file upload07.cif (mmCIF, C-alpha atoms)
data_upload
#
loop_
_atom_site.label_atom_id
_atom_site.label_comp_id
_atom_site.auth_asym_id
_atom_site.auth_seq_id
_atom_site.Cartn_x
_atom_site.Cartn_y
_atom_site.Cartn_z
CA MET A 1376 88.97 -57.55 63.26
CA GLY A 1377 89.61 -59.72 60.19
CA GLU A 1378 90.73 -58.39 56.81
CA GLN A 1379 87.27 -58.64 55.25
CA GLU A 1380 85.62 -56.87 58.18
CA ALA A 1381 88.25 -54.12 58.02
CA LYS A 1382 87.59 -53.60 54.31
CA TYR A 1383 83.86 -53.43 55.00
CA GLU A 1384 84.40 -50.75 57.66
CA ARG A 1385 86.54 -48.76 55.23
CA LEU A 1386 83.85 -48.94 52.57
CA ARG A 1387 81.12 -48.00 55.03
CA ALA A 1388 83.17 -45.03 56.25
CA LEU A 1389 83.51 -43.70 52.69
CA HIS A 1390 79.71 -43.44 52.53
CA ALA A 1391 79.54 -41.62 55.85
CA ARG A 1392 82.09 -38.86 55.28
CA GLU A 1393 81.52 -35.48 53.67
CA GLY A 1394 81.49 -35.13 49.89
CA ALA A 1395 81.48 -37.72 47.13
CA PHE A 1396 83.99 -40.43 46.31
CA VAL A 1397 84.69 -42.33 43.08
CA ILE A 1398 84.50 -46.12 42.99
CA PRO A 1399 85.86 -47.13 39.57
CA ASN A 1400 84.83 -50.42 37.99
CA ALA A 1401 87.52 -53.01 37.28
CA TRP A 1402 86.78 -55.90 34.92
CA ASP A 1403 89.68 -58.24 35.74
CA ALA A 1404 92.62 -58.63 38.10
CA GLY A 1405 94.96 -56.61 35.89
CA SER A 1406 92.67 -53.58 35.67
CA ALA A 1407 92.09 -53.85 39.42
CA ARG A 1408 95.84 -53.67 40.08
CA LEU A 1409 96.28 -50.64 37.83
CA LEU A 1410 93.34 -48.79 39.42
CA SER A 1411 94.53 -49.68 42.92
CA GLY A 1412 97.81 -47.92 42.26
CA LEU A 1413 96.16 -44.61 41.37
CA GLY A 1414 94.89 -43.69 44.82
CA PHE A 1415 91.27 -44.79 44.61
CA GLU A 1416 89.87 -45.93 47.95
CA ALA A 1417 87.56 -48.73 46.77
CA LEU A 1418 86.73 -50.65 43.60
CA ALA A 1419 83.59 -52.00 41.99
CA THR A 1420 83.23 -54.71 39.38
CA THR A 1421 81.43 -54.44 36.05
CA SER A 1422 79.48 -57.26 34.48
CA ALA A 1423 79.62 -55.43 31.14
CA GLY A 1424 83.41 -55.11 31.15
CA TYR A 1425 83.85 -58.73 32.18
CA ALA A 1426 81.38 -59.93 29.54
CA PHE A 1427 83.31 -58.06 26.83
CA SER A 1428 86.58 -59.65 28.00
CA LYS A 1429 84.95 -63.07 27.55
CA GLY A 1430 83.68 -62.26 24.07
CA LYS A 1431 80.08 -62.09 25.27
CA ARG A 1432 77.30 -59.52 25.30
CA ASP A 1433 76.35 -57.79 28.53
CA SER A 1434 73.06 -59.59 29.09
CA PHE A 1435 71.34 -61.64 31.75
CA ALA A 1436 71.80 -64.80 29.69
CA ALA A 1437 75.51 -64.30 29.00
CA LEU A 1438 77.12 -64.88 32.40
CA SER A 1439 76.26 -67.15 35.31
CA ARG A 1440 76.50 -66.37 39.01
CA ALA A 1441 79.50 -68.70 39.22
CA GLU A 1442 81.33 -66.81 36.45
CA ILE A 1443 80.55 -63.37 37.86
CA LEU A 1444 81.66 -64.33 41.36
CA ALA A 1445 84.81 -66.09 40.17
CA ASN A 1446 85.79 -62.92 38.31
CA ALA A 1447 84.95 -60.79 41.35
CA GLY A 1448 87.04 -63.11 43.51
CA GLU A 1449 90.04 -62.60 41.25
CA ILE A 1450 89.58 -58.83 41.57
CA VAL A 1451 89.35 -59.12 45.37
CA ALA A 1452 92.57 -61.17 45.41
CA ALA A 1453 94.36 -58.61 43.22
CA THR A 1454 93.82 -55.58 45.47
CA GLY A 1455 93.91 -54.55 49.08
CA LEU A 1456 90.96 -52.22 48.49
CA PRO A 1457 87.35 -52.93 49.43
CA VAL A 1458 85.44 -54.35 46.44
CA SER A 1459 81.72 -54.05 45.72
CA ALA A 1460 80.29 -56.25 42.96
CA ASP A 1461 77.74 -55.84 40.22
CA LEU A 1462 75.47 -58.77 41.11
CA GLU A 1463 72.96 -58.05 38.36
CA ASP A 1464 69.43 -59.23 39.29
CA GLY A 1465 70.68 -61.57 42.01
CA PHE A 1466 70.75 -64.41 39.46
CA GLY A 1467 67.14 -65.44 39.88
CA GLU A 1468 63.64 -64.07 40.24
CA ALA A 1469 62.88 -65.40 43.72
CA PRO A 1470 63.90 -63.40 46.82
CA GLN A 1471 65.79 -66.48 48.02
CA ASP A 1472 67.95 -66.34 44.89
CA CYS A 1473 69.04 -62.83 45.89
CA ALA A 1474 69.77 -63.98 49.45
CA GLU A 1475 71.89 -66.88 48.18
CA THR A 1476 73.83 -64.52 45.91
CA ILE A 1477 74.68 -62.22 48.83
CA HIS A 1478 75.91 -65.14 50.95
CA ALA A 1479 78.01 -66.42 48.03
CA ALA A 1480 79.43 -62.96 47.31
CA ALA A 1481 80.59 -62.58 50.91
CA ARG A 1482 82.33 -65.95 50.71
CA PHE A 1483 84.39 -64.60 47.79
CA GLY A 1484 85.64 -61.72 49.95
CA LEU A 1485 83.35 -59.04 48.55
CA VAL A 1486 82.24 -56.39 51.04
CA GLY A 1487 79.44 -54.93 48.94
CA GLY A 1488 77.23 -55.61 45.98
CA SER A 1489 74.15 -54.46 44.09
CA ILE A 1490 70.82 -56.08 43.32
CA GLU A 1491 68.71 -54.58 40.53
CA ASP A 1492 65.01 -54.68 39.74
CA ALA A 1493 65.41 -55.43 36.01
CA THR A 1494 64.05 -58.78 34.83
CA GLY A 1495 66.11 -59.22 31.66
CA ASP A 1496 62.85 -59.69 29.72
CA PRO A 1497 62.42 -56.87 27.16
CA SER A 1498 58.65 -57.45 27.08
CA ASP A 1499 58.39 -56.93 30.85
CA PRO A 1500 61.69 -55.36 31.87
CA ILE A 1501 61.08 -54.29 35.48
CA TYR A 1502 59.91 -56.41 38.39
CA ASP A 1503 56.59 -55.52 39.96
CA MET A 1504 57.13 -53.17 42.89
CA GLY A 1505 56.05 -55.71 45.50
CA LEU A 1506 58.37 -58.44 44.27
CA ALA A 1507 61.21 -55.98 43.75
CA VAL A 1508 60.97 -54.90 47.39
CA GLU A 1509 60.78 -58.51 48.60
CA ARG A 1510 63.96 -59.27 46.68
CA VAL A 1511 65.82 -56.37 48.28
CA ALA A 1512 64.49 -57.30 51.71
CA ALA A 1513 65.77 -60.87 51.28
CA ALA A 1514 69.18 -59.58 50.19
CA ALA A 1515 69.28 -57.18 53.14
CA GLU A 1516 68.38 -59.96 55.56
CA ALA A 1517 71.17 -62.09 54.10
CA ALA A 1518 73.64 -59.21 54.46
CA ARG A 1519 72.68 -58.63 58.08
CA GLY A 1520 75.50 -59.87 60.26
CA LEU A 1521 77.90 -60.05 57.31
CA PRO A 1522 80.55 -57.46 56.43
CA PHE A 1523 78.52 -56.49 53.37
CA LEU A 1524 77.10 -53.16 52.13
CA LEU A 1525 73.98 -53.70 50.01
CA THR A 1526 73.17 -51.42 47.07
CA ALA A 1527 69.65 -51.55 45.57
CA ARG A 1528 69.18 -50.44 41.97
CA ALA A 1529 66.07 -49.07 40.28
CA GLU A 1530 66.53 -49.67 36.55
CA ASN A 1531 63.59 -47.77 35.00
CA PHE A 1532 65.69 -45.31 33.03
CA LEU A 1533 67.82 -48.04 31.45
CA TRP A 1534 64.71 -49.76 30.10
CA GLU A 1535 62.89 -46.82 28.50
CA ARG A 1536 60.64 -46.26 31.50
CA PRO A 1537 61.57 -42.65 32.36
CA ASP A 1538 59.25 -42.43 35.35
CA LEU A 1539 61.06 -40.41 38.01
CA ASP A 1540 58.24 -40.67 40.54
CA ASP A 1541 58.15 -44.46 40.31
CA THR A 1542 61.94 -44.60 40.49
CA ILE A 1543 61.97 -42.53 43.67
CA ALA A 1544 59.16 -44.62 45.16
CA ARG A 1545 61.18 -47.77 44.47
CA LEU A 1546 64.34 -46.34 46.00
CA GLN A 1547 62.44 -45.25 49.08
CA ALA A 1548 60.91 -48.72 49.42
CA PHE A 1549 64.32 -50.34 48.93
CA SER A 1550 65.71 -48.16 51.70
CA GLU A 1551 62.88 -49.20 54.00
CA ALA A 1552 63.59 -52.84 53.09
CA GLY A 1553 67.16 -52.52 54.34
CA ALA A 1554 69.36 -51.36 51.45
CA ASP A 1555 72.43 -49.37 52.50
CA VAL A 1556 73.02 -47.52 49.22
CA LEU A 1557 70.55 -46.50 46.49
CA TYR A 1558 71.23 -46.34 42.77
CA ALA A 1559 69.13 -45.36 39.75
CA PRO A 1560 71.37 -45.58 36.67
CA GLY A 1561 70.52 -43.47 33.64
CA LEU A 1562 68.97 -40.45 35.33
CA PRO A 1563 68.56 -37.82 32.60
CA ASP A 1564 70.14 -34.70 34.13
CA ILE A 1565 71.51 -33.04 37.24
CA ALA A 1566 68.04 -31.84 38.23
CA ALA A 1567 66.76 -35.43 38.36
CA ILE A 1568 69.86 -36.49 40.28
CA ARG A 1569 69.32 -33.70 42.80
CA THR A 1570 65.64 -34.64 43.15
CA VAL A 1571 66.50 -38.27 43.85
CA CYS A 1572 69.17 -37.38 46.42
CA ALA A 1573 66.76 -35.07 48.25
CA ALA A 1574 63.98 -37.67 48.29
CA VAL A 1575 65.87 -40.56 49.92
CA ASP A 1576 67.56 -41.15 53.25
CA LYS A 1577 70.50 -43.31 52.17
CA PRO A 1578 73.70 -42.58 50.19
CA VAL A 1579 73.11 -42.36 46.43
CA ASN A 1580 75.36 -43.84 43.73
CA VAL A 1581 75.42 -42.23 40.27
CA VAL A 1582 77.16 -43.65 37.22
CA MET A 1583 79.16 -41.42 34.87
CA GLY A 1584 80.93 -42.13 31.59
CA LEU A 1585 77.91 -43.62 29.83
CA THR A 1586 75.61 -41.86 27.36
CA GLY A 1587 73.89 -38.60 28.25
CA PRO A 1588 75.11 -35.57 30.21
CA ARG A 1589 78.35 -35.85 32.16
CA TYR A 1590 79.01 -33.96 35.36
CA SER A 1591 82.13 -33.52 37.47
CA VAL A 1592 82.55 -35.15 40.87
CA ALA A 1593 82.24 -31.69 42.42
CA GLU A 1594 78.94 -31.03 40.62
CA LEU A 1595 77.56 -34.40 41.67
CA ALA A 1596 78.62 -33.88 45.27
CA GLU A 1597 76.87 -30.52 45.29
CA ALA A 1598 73.71 -32.27 44.07
CA GLY A 1599 73.87 -34.68 47.01
CA VAL A 1600 75.56 -37.71 45.41
CA LYS A 1601 77.77 -39.75 47.72
CA ARG A 1602 79.32 -42.33 45.37
CA VAL A 1603 80.26 -42.13 41.68
CA SER A 1604 80.89 -45.26 39.60
CA VAL A 1605 81.83 -45.61 35.93
CA GLY A 1606 80.11 -48.87 34.98
CA GLY A 1607 81.68 -50.51 31.95
CA SER A 1608 82.99 -47.21 30.55
CA PHE A 1609 86.63 -47.78 31.57
CA ALA A 1610 86.51 -51.17 29.84
CA ARG A 1611 84.97 -49.55 26.76
CA ALA A 1612 87.66 -46.86 26.83
CA ALA A 1613 90.32 -49.58 26.82
CA LEU A 1614 88.61 -51.33 23.92
CA GLY A 1615 88.34 -47.98 22.13
CA GLY A 1616 92.11 -47.60 22.38
CA LEU A 1617 92.56 -51.10 20.97
CA MET A 1618 90.28 -50.38 18.02
CA ARG A 1619 91.95 -47.05 17.21
CA ALA A 1620 95.38 -48.68 17.26
CA ALA A 1621 94.22 -51.59 15.11
CA GLU A 1622 92.50 -49.28 12.59
CA GLU A 1623 95.66 -47.17 12.30
CA VAL A 1624 97.74 -50.23 11.49
CA ARG A 1625 95.13 -51.68 9.13
CA THR A 1626 94.38 -48.49 7.18
CA LEU A 1627 97.62 -46.49 7.36
CA GLY A 1628 100.25 -49.13 8.01
CA THR A 1629 101.72 -46.95 10.76
CA PHE A 1630 102.32 -47.60 14.46
CA ASP A 1631 102.03 -44.16 16.04
CA TYR A 1632 99.53 -45.54 18.57
CA ALA A 1633 102.53 -46.84 20.52
CA GLU A 1634 103.28 -43.27 21.65
CA ASP A 1635 100.15 -43.34 23.83
CA ALA A 1636 100.53 -46.92 25.06
CA LEU A 1637 101.18 -47.48 28.75
CA PRO A 1638 104.86 -48.49 29.13
CA GLY A 1639 105.43 -52.15 29.86
CA ALA A 1640 107.55 -51.25 32.89
CA VAL A 1641 104.65 -49.32 34.42
CA ILE A 1642 102.29 -52.23 33.88
CA SER A 1643 104.78 -54.77 35.19
CA ALA A 1644 105.33 -52.74 38.35
CA ALA A 1645 101.60 -52.92 39.11
CA MET A 1646 101.20 -56.63 38.46
CA ASP A 1647 101.72 -59.68 40.65
CA GLN A 1648 105.41 -60.60 40.64
CA GLY A 1649 104.82 -64.09 42.05
CA ARG A 1650 106.24 -67.10 40.26
CA ALA A 1651 104.22 -70.00 38.94
CA GLY A 1652 104.67 -73.41 40.49
CA ASP A 1653 105.43 -76.39 38.33
CA ARG A 1654 104.96 -75.03 34.78
CA ARG A 1655 105.17 -78.41 33.04
#

call {"tool": "encode", "arguments": {"input": "upload07.cif", "output": "structure tokens"}}
result
Amino acid sequence: MGEQEAKYERLRALHAREGAFVIPNAWDAGSARLLSGLGFEALATTSAGYAFSKGKRDSFAALSRAEILANAGEIVAATGLPVSADLEDGFGEAPQDCAETIHAAARFGLVGGSIEDATGDPSDPIYDMGLAVERVAAAAEAARGLPFLLTARAENFLWERPDLDDTIARLQAFSEAGADVLYAPGLPDIAAIRTVCAAVDKPVNVVMGLTGPRYSVAELAEAGVKRVSVGGSFARAALGGLMRAAEEVRTLGTFDYAEDALPGAVISAAMDQGRAGDRR
């Protein structure tokens, strides 16, 4: 078994065991190395966190497939853990676009990834059910035979369409189309989460750390959740620390923030110690 296949089997096994596991979202190679050293068993990427690091908004127009996959590839290279990527809408409306994205993601060493049903168009934010299912089916067909775990996302609640029945119907259809993991970000409360988990036949991912109620891993596991991600919230937490430190210096002229800073020796120990080639 090759390294990529072994990582895929490890990721798949996490979804099959009892209880819930956390898959934190790294936004670059450095954050991936730090998270890898904390005992997590798999990592995800975050398009939001990466967009912020590039000085861009988290939007469909901000980042290309090539940029997202190059970043994901750097994260894969930085860790020995399985990595699942945020592949946004598959980088195109057509089902074939989604299939091409899955093939490309696998070539970068990713062993999982998500396709969502959001269009990026605020006037018509969610794909029609029929097309949404076709897109997931094309992605699932592309993943078949690859060491790749496909997550299908129903985005209603992120686009002010709080229709739980439609969300469940989409997740059920995505499961039938071949998705391995189901994900409806933005569910309003634990009751809705429990309802979704009971209504579908595949592992469910829930995101924590965003707006709205926050529940512990134990509470989510009790509700039937299998996988817990954090989206861009770790990246936002890092940026929050930066802003608090900068505001302290700007407004008070003090440097007490350094007391809470991660020691350079700790960071260095987690980073790649390789030497550059010819630096000229």

call {"tool": "resolve_selection", "arguments": {"input": "upload07.cif", "expression": "the PyMOL selection byres ((chain A and resi 1553) around 10)", "output": "PyMOL selection string"}}
result
chain A and resi 1508+1511-1516+1518-1519+1525-1527+1548-1552+1554-1556

call {"tool": "resolve_selection", "arguments": {"input": "upload07.cif", "expression": "the PyMOL selection byres ((chain A and resi 1634-1647) around 8)", "output": "PyMOL selection string"}}
result
chain A and resi 1405+1408-1409+1412+1453+1631-1633+1648-1649

call {"tool": "atom_distance", "arguments": {"input": "upload07.cif", "atom1": "CA of Glu1463 in chain A", "atom2": "CA of Val1603 in chain A"}}
result
17.8 Å

call {"tool": "closest_residue", "arguments": {"input": "upload07.cif", "among": "A:Ile1565, A:Ala1452, A:Ile1501, A:Leu1521", "to": "Ala1407 in chain A", "atoms": "only C-alpha atoms"}}
result
A:Ala1452

call {"tool": "resolve_selection", "arguments": {"input": "upload07.cif", "expression": "the PyMOL selection byres ((chain A and resi 1587) around 9)", "output": "list in words"}}
result
Gly1561, Leu1562, Pro1563, Asp1564, Met1583, Gly1584, Leu1585, Thr1586, Pro1588 and Arg1589 of chain A

call {"tool": "atom_distance", "arguments": {"input": "upload07.cif", "atom1": "CA of Arg1510 in chain A", "atom2": "CA of Phe1466 in chain A"}}
result
11.2 Å

call {"tool": "atom_distance", "arguments": {"input": "upload07.cif", "atom1": "CA of Thr1542 in chain A", "atom2": "CA of Glu1491 in chain A"}}
result
12.1 Å

call {"tool": "residues_around", "arguments": {"input": "upload07.cif", "residues": "Pro1457 in chain A", "least_positions_apart": "6", "cutoff": "7 Å", "atoms": "all atoms listed in the file", "output": "list in words"}}
result
Lys1382, Tyr1383, Leu1386, Ala1417, Leu1418 and Val1486 of chain A

call {"tool": "closest_residue", "arguments": {"input": "upload07.cif", "among": "A:Glu1442, A:Asp1540, A:Asp1403, A:Asp1492", "to": "Gly1424 in chain A", "atoms": "all atoms listed in the file"}}
result
A:Asp1403

call {"tool": "closest_residue", "arguments": {"input": "upload07.cif", "among": "A:Gly1377, A:Val1571, A:Ser1411, A:Gly1430", "to": "Leu1614 in chain A", "atoms": "only C-alpha atoms"}}
result
A:Gly1430
